[in-house]
file coords38.txt (compact mmCIF, C-alpha atoms)
# COMPACT_ATOMS: atom_id res chain seq x y z
CA MET A 840 -7.06 41.14 -6.33
CA ARG A 841 -10.47 40.34 -4.87
CA ASN A 842 -11.30 38.40 -8.05
CA VAL A 843 -8.15 36.28 -7.64
CA ILE A 844 -9.01 35.57 -3.99
CA ALA A 845 -12.54 34.59 -4.98
CA VAL A 846 -11.31 32.16 -7.61
CA VAL A 847 -8.82 30.54 -5.21
CA THR A 848 -11.49 30.30 -2.51
CA ALA A 849 -13.95 28.69 -4.93
CA LEU A 850 -11.39 26.12 -5.98
CA PHE A 851 -10.61 25.27 -2.34
CA VAL A 852 -14.28 24.92 -1.49
CA ALA A 853 -14.80 22.67 -4.51
CA MET A 854 -11.94 20.42 -3.40
CA ILE A 855 -13.30 20.14 0.15
CA GLY A 856 -16.76 19.42 -1.21
CA LEU A 857 -15.44 16.26 -2.81
CA GLY A 858 -14.42 14.95 0.58
CA ALA A 859 -10.84 14.37 -0.58
CA PRO A 860 -8.08 16.48 -2.11
CA ALA A 861 -8.04 16.92 -5.87
CA LEU A 862 -5.64 14.30 -7.23
CA ALA A 863 -4.36 13.10 -10.57
CA ALA A 864 -6.54 10.33 -11.95
CA ASP A 865 -5.62 6.82 -10.86
CA PRO A 866 -5.97 3.83 -13.16
CA ALA A 867 -9.39 2.20 -12.90
CA TYR A 868 -9.63 -0.42 -10.16
CA LYS A 869 -12.18 -2.24 -8.03
CA VAL A 870 -12.60 -2.44 -4.27
CA LEU A 871 -14.59 -4.94 -2.21
CA VAL A 872 -16.23 -3.49 0.92
CA PHE A 873 -17.01 -6.20 3.47
CA SER A 874 -19.13 -5.33 6.52
CA LYS A 875 -20.30 -8.64 7.96
CA THR A 876 -20.70 -8.65 11.76
CA ALA A 877 -20.84 -11.58 14.14
CA GLY A 878 -20.70 -9.41 17.27
CA PHE A 879 -21.52 -5.77 17.95
CA ARG A 880 -22.96 -4.01 14.91
CA HIS A 881 -22.12 -0.38 14.28
CA ASP A 882 -24.91 1.93 13.19
CA ALA A 883 -22.41 3.80 11.01
CA ILE A 884 -21.90 0.92 8.57
CA PRO A 885 -24.41 2.29 6.01
CA ALA A 886 -22.78 5.73 6.25
CA GLY A 887 -19.39 4.14 5.65
CA ILE A 888 -20.60 2.30 2.57
CA THR A 889 -22.23 5.47 1.25
CA ALA A 890 -18.99 7.40 1.77
CA LEU A 891 -16.92 4.79 -0.04
CA ARG A 892 -19.38 4.69 -2.93
CA GLY A 893 -19.22 8.47 -3.09
CA LEU A 894 -15.43 8.47 -3.13
CA ALA A 895 -15.56 5.87 -5.90
CA THR A 896 -17.87 8.01 -8.02
CA GLU A 897 -15.75 11.11 -7.44
CA ASN A 898 -12.43 9.44 -8.12
CA GLY A 899 -13.04 6.86 -10.84
CA PHE A 900 -12.83 3.53 -9.05
CA THR A 901 -15.56 0.93 -8.41
CA VAL A 902 -16.98 -0.36 -5.12
CA ASP A 903 -18.78 -3.65 -4.56
CA ALA A 904 -20.27 -3.88 -1.05
CA THR A 905 -21.30 -7.16 0.56
CA GLU A 906 -21.88 -8.95 3.85
CA ASP A 907 -21.73 -12.32 2.14
CA ALA A 908 -18.56 -14.15 3.17
CA GLY A 909 -19.05 -16.30 0.09
CA ALA A 910 -17.37 -13.48 -1.84
CA PHE A 911 -14.07 -14.69 -0.40
CA THR A 912 -13.00 -17.09 -3.10
CA THR A 913 -9.73 -17.00 -5.00
CA ALA A 914 -11.47 -16.31 -8.30
CA ASN A 915 -13.70 -13.54 -6.98
CA LEU A 916 -11.05 -11.72 -4.94
CA ALA A 917 -8.70 -11.61 -7.95
CA GLN A 918 -10.73 -8.76 -9.49
CA TYR A 919 -10.12 -6.38 -6.54
CA ARG A 920 -7.13 -4.19 -5.76
CA ALA A 921 -8.17 -3.86 -2.11
CA VAL A 922 -10.66 -5.31 0.37
CA VAL A 923 -12.11 -3.03 3.06
CA PHE A 924 -13.13 -4.63 6.36
CA LEU A 925 -15.64 -1.93 7.33
CA MET A 926 -16.46 -2.23 11.03
CA THR A 927 -16.57 -6.02 10.89
CA THR A 928 -16.80 -7.85 14.23
CA GLY A 929 -16.31 -11.42 15.41
CA ASP A 930 -15.62 -14.49 13.29
CA VAL A 931 -16.75 -13.53 9.81
CA LEU A 932 -14.91 -16.03 7.55
CA ASP A 933 -14.72 -19.80 7.63
CA ALA A 934 -11.48 -21.73 7.11
CA THR A 935 -11.84 -22.00 3.32
CA GLN A 936 -12.60 -18.29 2.99
CA GLN A 937 -9.65 -17.44 5.22
CA THR A 938 -7.34 -19.46 2.99
CA ALA A 939 -8.61 -17.64 -0.09
CA PHE A 940 -7.99 -14.27 1.56
CA GLU A 941 -4.48 -15.27 2.64
CA SER A 942 -3.72 -16.20 -0.98
CA TYR A 943 -5.14 -12.88 -2.13
CA ILE A 944 -2.83 -10.92 0.18
CA ALA A 945 0.15 -13.10 -0.79
CA GLY A 946 -0.58 -12.25 -4.42
CA GLY A 947 -0.19 -8.51 -3.78
CA GLY A 948 -3.70 -7.60 -2.64
CA GLY A 949 -4.51 -4.74 -0.29
CA TYR A 950 -6.35 -4.64 3.04
CA VAL A 951 -8.10 -1.66 4.64
CA GLY A 952 -9.32 -2.03 8.22
CA VAL A 953 -11.75 0.52 9.63
CA HIS A 954 -12.42 0.87 13.37
CA ALA A 955 -13.98 -2.45 14.50
CA ALA A 956 -11.95 -4.37 11.94
CA ALA A 957 -9.64 -4.72 14.96
CA ASP A 958 -12.52 -6.44 16.83
CA THR A 959 -12.55 -9.26 14.29
CA GLU A 960 -11.17 -12.80 13.92
CA TYR A 961 -9.29 -13.12 17.22
CA ASP A 962 -8.46 -16.77 16.56
CA TRP A 963 -6.93 -16.28 13.11
CA PRO A 964 -3.22 -15.43 13.53
CA PHE A 965 -2.82 -14.33 9.91
CA TYR A 966 -5.53 -11.71 10.37
CA GLY A 967 -4.06 -10.53 13.66
CA GLY A 968 -0.79 -9.82 11.89
CA LEU A 969 -2.59 -8.17 9.00
CA VAL A 970 -4.69 -5.74 11.06
CA GLY A 971 -1.74 -5.05 13.34
CA ALA A 972 -3.43 -5.00 16.78
CA TYR A 973 -6.64 -6.30 18.33
CA PHE A 974 -9.26 -4.20 20.15
CA ALA A 975 -9.14 -4.19 23.96
CA SER A 976 -11.61 -1.54 25.17
CA HIS A 977 -12.91 1.96 24.63
CA PRO A 978 -14.19 4.88 26.70
CA ALA A 979 -17.28 6.94 25.85
CA ILE A 980 -17.37 8.95 22.63
CA GLN A 981 -15.59 12.24 23.25
CA GLN A 982 -13.31 14.85 21.73
CA ALA A 983 -9.61 14.06 21.57
CA THR A 984 -6.45 15.24 19.85
CA VAL A 985 -4.83 13.06 17.21
CA ARG A 986 -1.10 13.63 16.72
CA VAL A 987 -0.12 13.05 13.09
CA GLU A 988 3.32 11.41 12.89
CA ASP A 989 3.58 10.95 9.12
CA ARG A 990 2.50 13.97 7.11
CA THR A 991 3.57 12.52 3.75
CA HIS A 992 1.44 9.37 3.59
CA PRO A 993 -1.58 9.83 1.28
CA SER A 994 -3.96 9.20 4.21
CA THR A 995 -2.44 11.84 6.49
CA ALA A 996 -0.67 14.34 4.21
CA HIS A 997 -3.73 16.63 4.26
CA LEU A 998 -4.00 16.69 8.04
CA PRO A 999 -2.57 19.23 10.49
CA ALA A 1000 0.02 18.07 12.99
CA THR A 1001 -2.73 18.07 15.63
CA TRP A 1002 -6.16 16.90 14.50
CA VAL A 1003 -8.97 17.50 16.99
CA ARG A 1004 -12.07 15.38 16.44
CA THR A 1005 -14.85 13.50 18.22
CA ASP A 1006 -14.95 9.71 17.98
CA GLU A 1007 -14.92 6.44 19.88
CA LEU A 1008 -11.27 5.89 20.74
CA TYR A 1009 -10.01 2.33 20.89
CA ASN A 1010 -7.42 0.92 23.25
CA TYR A 1011 -5.56 -2.06 21.77
CA ARG A 1012 -4.24 -5.26 23.34
CA THR A 1013 -0.76 -4.60 21.98
CA ASN A 1014 1.10 -1.65 20.52
CA PRO A 1015 1.48 -2.18 16.73
CA ARG A 1016 4.54 0.02 16.42
CA SER A 1017 7.02 -2.85 16.40
CA THR A 1018 5.50 -4.37 13.25
CA ALA A 1019 3.84 -1.41 11.50
CA HIS A 1020 4.53 2.13 10.37
CA VAL A 1021 2.52 4.39 12.68
CA LEU A 1022 0.77 7.27 10.95
CA ALA A 1023 -1.04 8.90 13.86
CA THR A 1024 -1.40 8.55 17.63
CA LEU A 1025 -3.87 9.64 20.29
CA ASP A 1026 -2.85 12.19 22.91
CA GLU A 1027 -4.30 10.55 26.01
CA SER A 1028 -3.90 13.79 27.97
CA THR A 1029 -6.69 15.33 25.88
CA TYR A 1030 -9.43 12.83 26.79
CA SER A 1031 -10.44 10.34 29.47
CA GLY A 1032 -10.18 6.55 29.27
CA GLY A 1033 -6.99 5.94 27.33
CA SER A 1034 -4.99 2.97 28.59
CA MET A 1035 -1.91 2.80 26.36
CA GLY A 1036 0.04 5.75 27.74
CA ALA A 1037 2.30 8.12 25.87
CA ASP A 1038 2.45 5.94 22.74
CA HIS A 1039 -1.10 5.19 21.59
CA PRO A 1040 -1.21 4.51 17.82
CA ILE A 1041 -4.59 4.98 16.17
CA SER A 1042 -3.69 4.63 12.46
CA TRP A 1043 -0.91 2.64 10.81
CA CYS A 1044 0.17 0.80 7.68
CA LYS A 1045 2.50 -2.04 6.80
CA ALA A 1046 3.67 -4.51 4.22
CA TYR A 1047 2.32 -7.95 5.07
CA ARG A 1048 3.16 -11.28 3.46
CA GLY A 1049 3.18 -9.95 -0.08
CA GLY A 1050 0.39 -7.39 0.26
CA ARG A 1051 -0.33 -4.02 1.86
CA SER A 1052 -2.33 -3.21 5.01
CA TRP A 1053 -3.75 0.11 6.22
CA TYR A 1054 -5.81 0.55 9.37
CA THR A 1055 -7.58 3.41 11.14
CA GLY A 1056 -9.20 3.11 14.55
CA LEU A 1057 -11.34 6.15 13.82
CA GLY A 1058 -14.74 6.06 12.12
CA HIS A 1059 -17.19 4.90 14.81
CA THR A 1060 -19.66 7.72 14.28
CA GLY A 1061 -21.87 8.19 11.25
CA ALA A 1062 -20.84 11.85 11.20
CA SER A 1063 -17.24 10.80 10.51
CA TYR A 1064 -18.18 9.79 6.98
CA THR A 1065 -19.35 13.27 6.06
CA GLU A 1066 -16.25 14.99 7.47
CA PRO A 1067 -13.94 16.03 4.61
CA SER A 1068 -10.78 15.34 6.62
CA PHE A 1069 -11.87 11.85 7.64
CA ARG A 1070 -13.08 11.01 4.12
CA ALA A 1071 -9.69 12.09 2.75
CA HIS A 1072 -8.00 9.99 5.46
CA LEU A 1073 -10.02 6.96 4.39
CA TYR A 1074 -9.48 7.57 0.68
CA GLY A 1075 -5.72 8.00 1.09
CA GLY A 1076 -5.51 4.73 3.00
CA LEU A 1077 -7.52 2.99 0.31
CA ARG A 1078 -5.28 4.33 -2.46
CA TYR A 1079 -2.21 3.07 -0.62
CA ALA A 1080 -3.74 -0.36 0.03
CA ALA A 1081 -4.80 -0.62 -3.61
CA GLY A 1082 -1.21 0.02 -4.64
CA VAL A 1083 -1.91 3.11 -6.76
CA VAL A 1084 0.27 5.37 -4.60
CA PRO A 1085 3.35 4.62 -2.48
CA GLY A 1086 3.17 5.08 1.26
CA GLY A 1087 6.56 4.52 2.85
CA CYS A 1088 4.97 1.93 5.13
CA GLY A 1089 7.91 -0.37 5.51
CA THR A 1090 7.05 -1.90 2.14
CA THR A 1091 10.70 -1.76 1.19
CA PRO A 1092 11.94 -5.24 2.07
CA THR A 1093 14.67 -5.42 4.68
CA PRO A 1094 17.86 -5.76 2.68
CA THR A 1095 19.36 -9.20 2.89
CA PRO A 1096 23.06 -9.58 3.60
CA THR A 1097 25.00 -9.29 0.37
CA PRO A 1098 28.53 -10.31 -0.54
CA THR A 1099 31.22 -7.68 -0.08
CA PRO A 1100 31.89 -6.24 -3.53
CA SER A 1101 35.22 -6.97 -5.14
CA PRO A 1102 37.66 -4.04 -5.12
CA GLY A 1103 36.66 -1.49 -7.72
CA VAL A 1104 33.09 -2.75 -8.11
CA ALA A 1105 30.63 0.13 -7.78
CA LEU A 1106 26.96 0.99 -8.25
CA LEU A 1107 26.65 2.05 -11.90
CA SER A 1108 22.92 2.61 -12.35
CA SER A 1109 22.21 5.40 -9.85
CA GLY A 1110 20.41 8.26 -11.58
CA ARG A 1111 21.07 6.87 -15.06
CA PRO A 1112 18.48 7.17 -17.88
CA VAL A 1113 15.80 4.47 -17.88
CA THR A 1114 13.35 3.28 -20.53
CA THR A 1115 10.37 1.00 -19.88
CA SER A 1116 7.84 -0.92 -21.91
CA SER A 1117 5.02 0.80 -20.03
CA THR A 1118 4.14 2.61 -16.81
CA GLU A 1119 1.05 2.13 -14.71
CA ASN A 1120 0.65 5.90 -14.37
CA GLY A 1121 2.70 9.07 -13.99
CA ALA A 1122 3.44 8.43 -10.33
CA PHE A 1123 5.38 5.24 -11.02
CA VAL A 1124 7.86 6.14 -13.79
CA GLY A 1125 10.97 4.12 -14.55
CA SER A 1126 13.38 6.68 -13.11
CA ASN A 1127 11.97 5.88 -9.65
CA ALA A 1128 13.81 2.55 -9.80
CA VAL A 1129 17.27 4.15 -9.99
CA ASP A 1130 16.79 7.14 -7.66
CA GLY A 1131 18.11 5.41 -4.54
CA ASN A 1132 14.83 6.05 -2.73
CA GLY A 1133 13.27 2.86 -1.38
CA GLY A 1134 9.87 4.56 -1.11
CA THR A 1135 9.45 5.27 -4.84
CA ARG A 1136 8.96 2.65 -7.51
CA TRP A 1137 8.45 1.88 -11.17
CA SER A 1138 5.22 0.03 -11.89
CA SER A 1139 4.23 -1.32 -15.29
CA ALA A 1140 0.87 -1.86 -16.91
CA PHE A 1141 -0.93 -5.09 -16.04
CA SER A 1142 0.23 -7.38 -18.81
CA ASP A 1143 3.03 -9.65 -19.98
CA PRO A 1144 5.76 -9.21 -21.13
CA GLN A 1145 7.19 -6.04 -19.57
CA TRP A 1146 10.70 -4.66 -19.28
CA ILE A 1147 12.85 -1.92 -17.79
CA SER A 1148 16.26 -0.95 -19.20
CA VAL A 1149 18.98 1.32 -17.78
CA ASP A 1150 21.65 3.08 -19.84
CA LEU A 1151 24.98 3.10 -17.97
CA GLY A 1152 26.34 5.83 -20.25
CA SER A 1153 29.31 3.87 -21.58
CA ALA A 1154 30.53 0.29 -21.86
CA ARG A 1155 31.21 -1.16 -18.40
CA GLN A 1156 32.07 -4.57 -16.94
CA VAL A 1157 28.76 -5.56 -15.32
CA SER A 1158 28.77 -8.40 -12.77
CA ARG A 1159 25.83 -7.96 -10.42
CA VAL A 1160 22.16 -6.86 -10.51
CA ARG A 1161 20.09 -6.32 -7.38
CA LEU A 1162 16.29 -6.11 -7.70
CA GLN A 1163 14.18 -4.87 -4.82
CA TRP A 1164 10.59 -5.83 -5.65
CA GLU A 1165 7.38 -4.33 -4.35
CA ALA A 1166 4.43 -6.67 -3.59
CA ALA A 1167 3.85 -7.12 -7.33
CA TYR A 1168 6.84 -8.93 -8.81
CA GLY A 1169 7.99 -11.05 -11.72
CA ARG A 1170 7.58 -14.80 -11.42
CA ALA A 1171 9.61 -15.35 -14.58
CA TYR A 1172 12.12 -12.84 -15.89
CA ARG A 1173 15.53 -12.49 -17.54
CA ILE A 1174 18.42 -10.15 -16.83
CA GLU A 1175 19.95 -9.16 -20.15
CA THR A 1176 22.91 -7.03 -21.25
CA SER A 1177 23.58 -5.16 -24.45
CA ALA A 1178 26.28 -3.05 -26.02
CA ASP A 1179 23.90 -1.08 -28.25
CA GLY A 1180 20.42 -1.36 -26.70
CA THR A 1181 19.25 -3.49 -29.62
CA THR A 1182 20.93 -6.90 -29.39
CA TRP A 1183 20.54 -8.53 -25.97
CA THR A 1184 22.43 -11.35 -24.24
CA GLN A 1185 20.98 -13.28 -21.33
CA ALA A 1186 23.00 -13.07 -18.10
CA HIS A 1187 20.44 -14.68 -15.77
CA ALA A 1188 16.96 -16.20 -15.93
CA THR A 1189 14.41 -17.54 -13.45
CA THR A 1190 10.91 -18.98 -13.62
CA ALA A 1191 10.47 -19.18 -9.84
CA GLY A 1192 10.84 -15.60 -8.64
CA ASP A 1193 9.32 -15.03 -5.20
CA GLY A 1194 9.63 -11.28 -4.72
CA GLY A 1195 11.52 -9.51 -1.97
CA VAL A 1196 15.15 -8.89 -2.91
CA ASP A 1197 16.90 -10.75 -5.75
CA ASP A 1198 20.66 -10.26 -5.65
CA VAL A 1199 22.13 -11.82 -8.78
CA THR A 1200 25.83 -12.14 -9.56
CA PHE A 1201 27.29 -13.44 -12.82
CA THR A 1202 30.50 -13.48 -14.81
CA ALA A 1203 31.51 -9.93 -15.67
CA THR A 1204 30.33 -8.97 -19.12
CA GLY A 1205 30.88 -5.84 -21.20
CA ALA A 1206 27.65 -3.84 -21.57
CA ARG A 1207 26.29 -0.31 -21.72
CA TYR A 1208 22.66 -1.34 -21.24
CA VAL A 1209 21.12 -3.70 -18.69
CA ARG A 1210 17.53 -4.86 -18.94
CA VAL A 1211 15.11 -6.78 -16.72
CA TYR A 1212 12.69 -8.52 -19.08
CA GLY A 1213 9.67 -10.02 -17.34
CA THR A 1214 7.66 -12.75 -19.03
CA GLN A 1215 5.25 -13.79 -16.27
CA ARG A 1216 3.72 -11.75 -13.47
CA ALA A 1217 3.32 -13.38 -10.06
CA THR A 1218 0.24 -11.25 -9.25
CA PRO A 1219 -2.66 -9.79 -11.26
CA TYR A 1220 -0.85 -6.46 -11.25
CA GLY A 1221 2.16 -5.14 -13.17
CA TYR A 1222 5.86 -5.52 -12.45
CA SER A 1223 6.84 -3.22 -9.62
CA LEU A 1224 10.42 -2.37 -8.59
CA TRP A 1225 11.46 -0.18 -5.70
CA GLU A 1226 15.07 -0.28 -6.89
CA LEU A 1227 17.09 -1.64 -9.84
CA GLU A 1228 20.80 -1.61 -8.98
CA VAL A 1229 23.52 -2.55 -11.46
CA TYR A 1230 27.08 -3.07 -10.20
CA GLY A 1231 30.39 -3.39 -12.02
CA ARG A 1232 33.50 -1.53 -13.06

call {"tool": "encode", "arguments": {"input": "coords38.txt", "output": "structure tokens"}}
result
Amino acid sequence: MRNVIAVVTALFVAMIGLGAPALAADPAYKVLVFSKTAGFRHDAIPAGITALRGLATENGFTVDATEDAGAFTTANLAQYRAVVFLMTTGDVLDATQQTAFESYIAGGGGYVGVHAAADTEYDWPFYGGLVGAYFASHPAIQQATVRVEDRTHPSTAHLPATWVRTDELYNYRTNPRSTAHVLATLDESTYSGGSMGADHPISWCKAYRGGRSWYTGLGHTGASYTEPSFRAHLYGGLRYAAGVVPGGCGTTPTPTPTPTPSPGVALLSSGRPVTTSSTENGAFVGSNAVDGNGGTRWSSAFSDPQWISVDLGSARQVSRVRLQWEAAYGRAYRIETSADGTTWTQAHATTAGDGGVDDVTFTATGARYVRVYGTQRATPYGYSLWELEVYGR
């Protein structure tokens, strides 16, 4: 028995030593870490870069770190799955660079904001929406209790419900809760100097104009970047922003009003068998698109063409397909039907897809199989569907 306990203990220690929980390998990707300052400069910036490089080495992704705003060009940003604003301050990008970054986010890119990223670009409305809230003030560094609201997100799943730590604790000009999914809050009763009251978010995430955003107000101290729990917090946020894991951050688009189905028309695809041309990795399998869960998705490999097909089990009269896209979507795709899964007939086609929710109706046609066949990606990433819904009789 003591041998078993020793083995389990050794494995746990090894996991903590990595600074993040042991996880299945993600596909290779690149991250840009940007730490330019035009105001206060945090001494912990080098520690933050070192931590991110260490996480990259341990987990198979690549980090490029820079303070050169010239890196913000459309061509250069296209190679990165996420951009980390690591304790940036002040006005760090010019108008041309801002435009390039807006295009990057619109194309499905990810943003990670750490601590003073909220003390950045006050006169750029796009950035204000992206980060979620601007810095207002802070008390002295002290111990406080963080209340974890979401214990399923990859950045907070490893944390206890109450997380006691020492840091510089920001107050914000506005509460981000109305536009973001709050992951954790500060308990102002456990420290001095809080100004936001009973609801004081300190970490949150959101979908934003085609991309993903994750922010933590923690991370002022250099010691934070050697703490296993904080490193895992940072890594989980990065994985979400990079789009390699789902986060339930409001990324499911708000459903648009849809026509009332004709009598007898029903959802036919729920839980039915799915085949796909490829999957990005084991977390994003095709069955996720028909499970009725708006927080799970199918994601393909990063190439064209790609397709996903659902078997309705028997011949049905199909008249409507509803696609709920994630930030990576098809610019050009066809909806096709088939009686045998071999010969396909086009029911709908577009070359101007813009993501969000596509609710397509067409003349009822007999089919057992329905396929979405993508021929052009709108982003550098694969096709990504939260839900594929097929309706008919």

call {"tool": "atom_distance", "arguments": {"input": "coords38.txt", "atom1": "atom CA of A:Tyr1212", "atom2": "atom CA of A:Ala1188"}}
result
9.3 Å

call {"tool": "closest_atom_pairs", "arguments": {"input": "coords38.txt", "of": "stretch 929-956 of chain A", "to": "stretch 1041-1061 of chain A", "cutoff": "12 Å", "atoms": "only C-alpha atoms", "output": "Markdown table"}}
result
| residue | atom | partner | partner_atom | distance |
| --- | --- | --- | --- | --- |
| A:Phe940 | CA | A:Gly1050 | CA | 10.9 |
| A:Glu941 | CA | A:Arg1048 | CA | 8.7 |
| A:Ser942 | CA | A:Gly1049 | CA | 9.4 |
| A:Tyr943 | CA | A:Gly1050 | CA | 8.2 |
| A:Ile944 | CA | A:Gly1050 | CA | 4.8 |
| A:Ala945 | CA | A:Gly1049 | CA | 4.4 |
| A:Gly946 | CA | A:Gly1049 | CA | 6.2 |
| A:Gly947 | CA | A:Gly1050 | CA | 4.2 |
| A:Gly948 | CA | A:Gly1050 | CA | 5.0 |
| A:Gly949 | CA | A:Arg1051 | CA | 4.8 |
| A:Tyr950 | CA | A:Ser1052 | CA | 4.7 |
| A:Val951 | CA | A:Trp1053 | CA | 5.0 |
| A:Gly952 | CA | A:Tyr1054 | CA | 4.5 |
| A:Val953 | CA | A:Thr1055 | CA | 5.3 |
| A:His954 | CA | A:Gly1056 | CA | 4.1 |
| A:Ala955 | CA | A:Gly1056 | CA | 7.3 |
| A:Ala956 | CA | A:Tyr1054 | CA | 8.3 |

call {"tool": "residues_around", "arguments": {"input": "coords38.txt", "residues": "A:Thr1200", "least_positions_apart": "2", "cutoff": "12 Å", "atoms": "all atoms listed in the file", "output": "number ranges by chain"}}
result
A: 1097-1101, 1104, 1157-1162, 1174, 1186-1188, 1197-1198, 1202-1204, 1228-1231

call {"tool": "atom_distance", "arguments": {"input": "coords38.txt", "atom1": "atom CA of A:Ala1171", "atom2": "atom CA of A:Gly1082"}}
result
21.3 Å

call {"tool": "residues_near_point", "arguments": {"input": "coords38.txt", "point": "(5.1, -3.8, -13.1)", "cutoff": "12 Å", "atoms": "only C-alpha atoms", "output": "MDAnalysis selection string"}}
result
chainID A and resid 947 1082:1083 1115:1120 1123:1125 1128 1136:1147 1164:1170 1172 1211:1225
